[in-house]
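What follows is a set of notes on a single structure, which appears directly below.
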Amino acid sequence: MTTHQDQTTTITKTSTNRTKNPFISILTQPIEWLTMLTHNLNPSFIAGIFLIYGIGQGFSGSFFKLVSDYYWKDIQKIQPSTVQLYVGIYFIPWILKPVWGILTDAFPLLGYRRRPYFILAGVLGFVSASVVAVTGSLAPVAALMCFLGVSASLAIADVTIDACIARNSIEVPGLAPDLQSLCGFCSGSGALLGYLVSGFFVHHLGPQGSLGLMAIFPALTIVLGFVIYEKKATGLHNEKKQGAMENVGMTIRSMFKTIKYPQAWKPSLYMFLSLSLNVTTHEGHFYWYTDSKAGPAFSQEFVGVIYAIGAVASIIGVLIYHKYLKNYTFRNLVFYAQLLYAVSGVLDLIFVLRWNLKIGIPDYFFVVIEETTVRITGKIRWMPMMVLSAKLCPLGIEGTFFALLMCIDSIGMLISKWGGGLLLRVLHITRSDFNNLWLAVLIRDILRFVTLVLVFLVPNVGPYEGLLPSDGCEMDKRNGNVDEETLELVPINAKVEV
């Protein structure tokens with residue numbers, strides 16, 4: 001495995017060569033790393049990542065997952081099959097991320113491309129969460145619309161911050177891996193906290209009262225939109241004269257021009273196929289885990305602990321990538337990470353077979369080891385693809401193009417869920433019949449190994465090398481006088497412009 005060292009000379013990195021106590025170093029290195037990021041980038045941009053990825057995707061996402069399940073079950077009295085349909089419906093805003101990306105790139109409001117959409121996302125989420133929390137007898141359809149609003153709020157805020165991440169990754173490529181590491185760490189830490197406290201709040205406040213806490217994140221997003229500084233684009237009056245639809249047309253043409261480059265469509269195809277082939281058998285496992293007769297009969301508390309352990313393992317995966325693996329070429333890293341991910345999935349098969357064969361290995365120990373290894377290798381497998389996605393985005397349409405790539409990923413994940421559901425149905429795995437669960441897991445693991453033959457689609461370059469031609473996109477050329485999109489907190493006096 002060859003590595004490519006950072007050749008960017010404009011990045012100021014904190015020296016770590018000083019001799020210091022290793023225990024003290026463990027505490028100071030994260031602080032030095034964050035100091036380096038805030039020195040080279042805008043502090044408000046880093047704060048936005050903490051808010052959107054940490055509190056939004058991480059905490060709110062995991063909190064919403066558990067609380068909404070209890071809401072449908074205990075408040076609305078909805079059948080599980082209907083709840084599964086509802087979950088798919090409020091997953092739709094994430095598939096529509098290119099639409100939000102076009103809005104942020106081609107429809108600036110009052111001269112700003114990012115700030116207004118943070119505010120709009122916050123208002124939508126705050127109103128939706130508040131309505132479902134305070135309304136005692138909300139109809140199921142109305143509750144579904146509120147949940148759809150909460151999901152759309154998270155998706156719009158995610159697209160907006162991703163556009164900022166993509167732009168900074170292009171302009172300061174040496175920090176692209178660091179930004180993805182920060183995103184992964186914030187998301188994993190937030191998810192861990194969300195899984196740990198969600199059960200406590202459901203127990204003491206009830207599902208409906210707990211949903212009121214979901215209004216906190218969009219309220220903070222509104223504040224972020226008002227206090228963050230984005231340099232006003234001076235050339236936007238020309239855009240108004242030419243019309244917003246021309247902007248849309250240019251954005252779409254530039255997007256299709258970019259995706260036609262082999263450096264863009266090949267890794268995009270790999271991301272889609274790798275996610276689609278990774279069929280999930282989660283629901284079959286969940287019913288089997290909690291079955292008192294055919295399965296190990298895990299308690300609700302232990303299932304929550306499993307989720308929390310998975311969140312910790314994801315953070316460990318991010319740290320391993322950031323500390324030791326971020327300089328390796330994309331193709332080599334993805335290959336070995338996918339190989340380890342497939343091997344770790346075999347532990348799941350052994351667990352099911354072990355139960356059927358009554359081999360005396362402690363159930364709790366085995367499932368914790370399996371969950372930990374899968375989450376660590378899965379996160380390491382995912383991190384380089386996120387860095388690659390950010391580097392594929394051309395300036396001027398970075399919001400739209402990154403959203404397009406994430407939409408492709410979302411469709412792949414949706415196919416994996418539907419494919420897994422179809423597999424469970426074909427193998428007749430029901431609420432009480434798990435005889436063929438081992439076969440479903442075997443097929444899933446085989447598909448994970450098959451994905452290895454597709455790694456040739458990933459470019460064999462390092463994270464600090466250029467990928468796309470430097471001729472620029474149509475939007476970027478037309479807006480050449482527009483900006484360096486600087487994000488910083490209002491009280492700070494233009495410390496760094498990126």
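Labels for the structure tokens follow display order: chains A, B, ..., residues from 1 in each chain, ligands from 1.
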
Quick one: which range 111-223 of chain A residues come within 7 Å of range 367-389 of chain A, and what is the nearest atom pair for each with the distance in Å to one decimal, counting only C-alpha atoms, rows ordered by chain and ascending number, as a tab-separated table?
residue	atom	partner	partner_atom	distance
A:Ala176	CA	A:Val387	CA	6.2
A:Pro177	CA	A:Val387	CA	5.9
A:Gln180	CA	A:Val387	CA	6.2

Residues as selected, all heavy atoms, written as a PDB file, in the first residue's frame, can you do that?
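Produced file selection_30.pdb, reproduced below:
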ATOM      1  N   ALA A 176      -8.745  18.046   3.449  1.00  0.00           N
ATOM      2  CA  ALA A 176      -9.946  17.273   3.123  1.00  0.00           C
ATOM      3  C   ALA A 176     -10.117  16.045   4.020  1.00  0.00           C
ATOM      4  O   ALA A 176     -11.205  15.803   4.553  1.00  0.00           O
ATOM      5  CB  ALA A 176      -9.923  16.869   1.646  1.00  0.00           C
ATOM      6  N   PRO A 177      -9.059  15.229   4.235  1.00  0.00           N
ATOM      7  CA  PRO A 177      -9.230  14.091   5.152  1.00  0.00           C
ATOM      8  C   PRO A 177      -9.544  14.524   6.577  1.00  0.00           C
ATOM      9  O   PRO A 177     -10.311  13.861   7.280  1.00  0.00           O
ATOM     10  CB  PRO A 177      -7.881  13.354   5.066  1.00  0.00           C
ATOM     11  CG  PRO A 177      -7.272  13.798   3.777  1.00  0.00           C
ATOM     12  CD  PRO A 177      -7.722  15.208   3.617  1.00  0.00           C
ATOM     13  N   GLN A 180     -13.268  15.348   6.915  1.00  0.00           N
ATOM     14  CA  GLN A 180     -14.119  14.166   6.984  1.00  0.00           C
ATOM     15  C   GLN A 180     -13.938  13.451   8.317  1.00  0.00           C
ATOM     16  O   GLN A 180     -14.891  12.881   8.862  1.00  0.00           O
ATOM     17  CB  GLN A 180     -13.806  13.222   5.818  1.00  0.00           C
ATOM     18  CG  GLN A 180     -14.229  13.777   4.462  1.00  0.00           C
ATOM     19  CD  GLN A 180     -15.695  14.129   4.397  1.00  0.00           C
ATOM     20  OE1 GLN A 180     -16.531  13.450   4.969  1.00  0.00           O
ATOM     21  NE2 GLN A 180     -16.014  15.201   3.678  1.00  0.00           N
TER      22      GLN A 180
END

What's the 10 Å shell around Gly284 in chain A, counting only C-alpha atoms, without same-chain residues fewer than 2 positions away, as number ranges by chain?
A: 280-282, 286-289, 420-421, 424-425, 429-431, 433-434, 437, 440-441

Choose the residue, out of A:Leu148, A:Cys186, A:Leu275, A:Ala294, that has the smallest atom-to-atom separation from Ile46 in chain A; count only C-alpha atoms.
A:Cys186

Near range 126-129 of chain A, within 12 Å and counting only C-alpha atoms, which residues show up once chain neighbours fewer than 6 positions away are dropped, as a VMD selection string?
chain A and resid 60 64 68 119 to 120 135 142 to 154 208 to 223

Determine which residues of range 206-415 of chain A receive a DSSP assignment of strand (DSSP E or B), computed from the backbone, and state them as a count of residues only.
4

Nearest-residue call for His322 in chain A, choices A:Ile102, A:Cys183, A:Val132, A:Leu467, using only C-alpha atoms
A:Cys183

DSSP-assigned alpha helix (DSSP H) members of range 284-451 of chain A, reported as JSON, numbers by chain
{"A": [284, 285, 286, 287, 288, 289, 290, 300, 301, 302, 303, 304, 305, 306, 307, 308, 309, 310, 311, 312, 313, 314, 315, 316, 317, 318, 319, 320, 330, 331, 332, 333, 334, 335, 336, 337, 338, 339, 340, 341, 342, 343, 344, 345, 346, 347, 348, 349, 350, 351, 352, 353, 354, 355, 356, 357, 363, 364, 365, 366, 367, 368, 369, 370, 371, 372, 373, 374, 375, 376, 377, 378, 379, 380, 381, 382, 383, 384, 385, 386, 387, 388, 389, 390, 391, 398, 399, 400, 401, 402, 403, 404, 405, 406, 407, 408, 409, 410, 411, 412, 413, 414, 415, 416, 417, 418, 419, 420, 421, 422, 423, 424, 425, 426, 437, 438, 439, 440, 441, 442, 443, 444, 445, 446, 447, 448, 449, 450]}
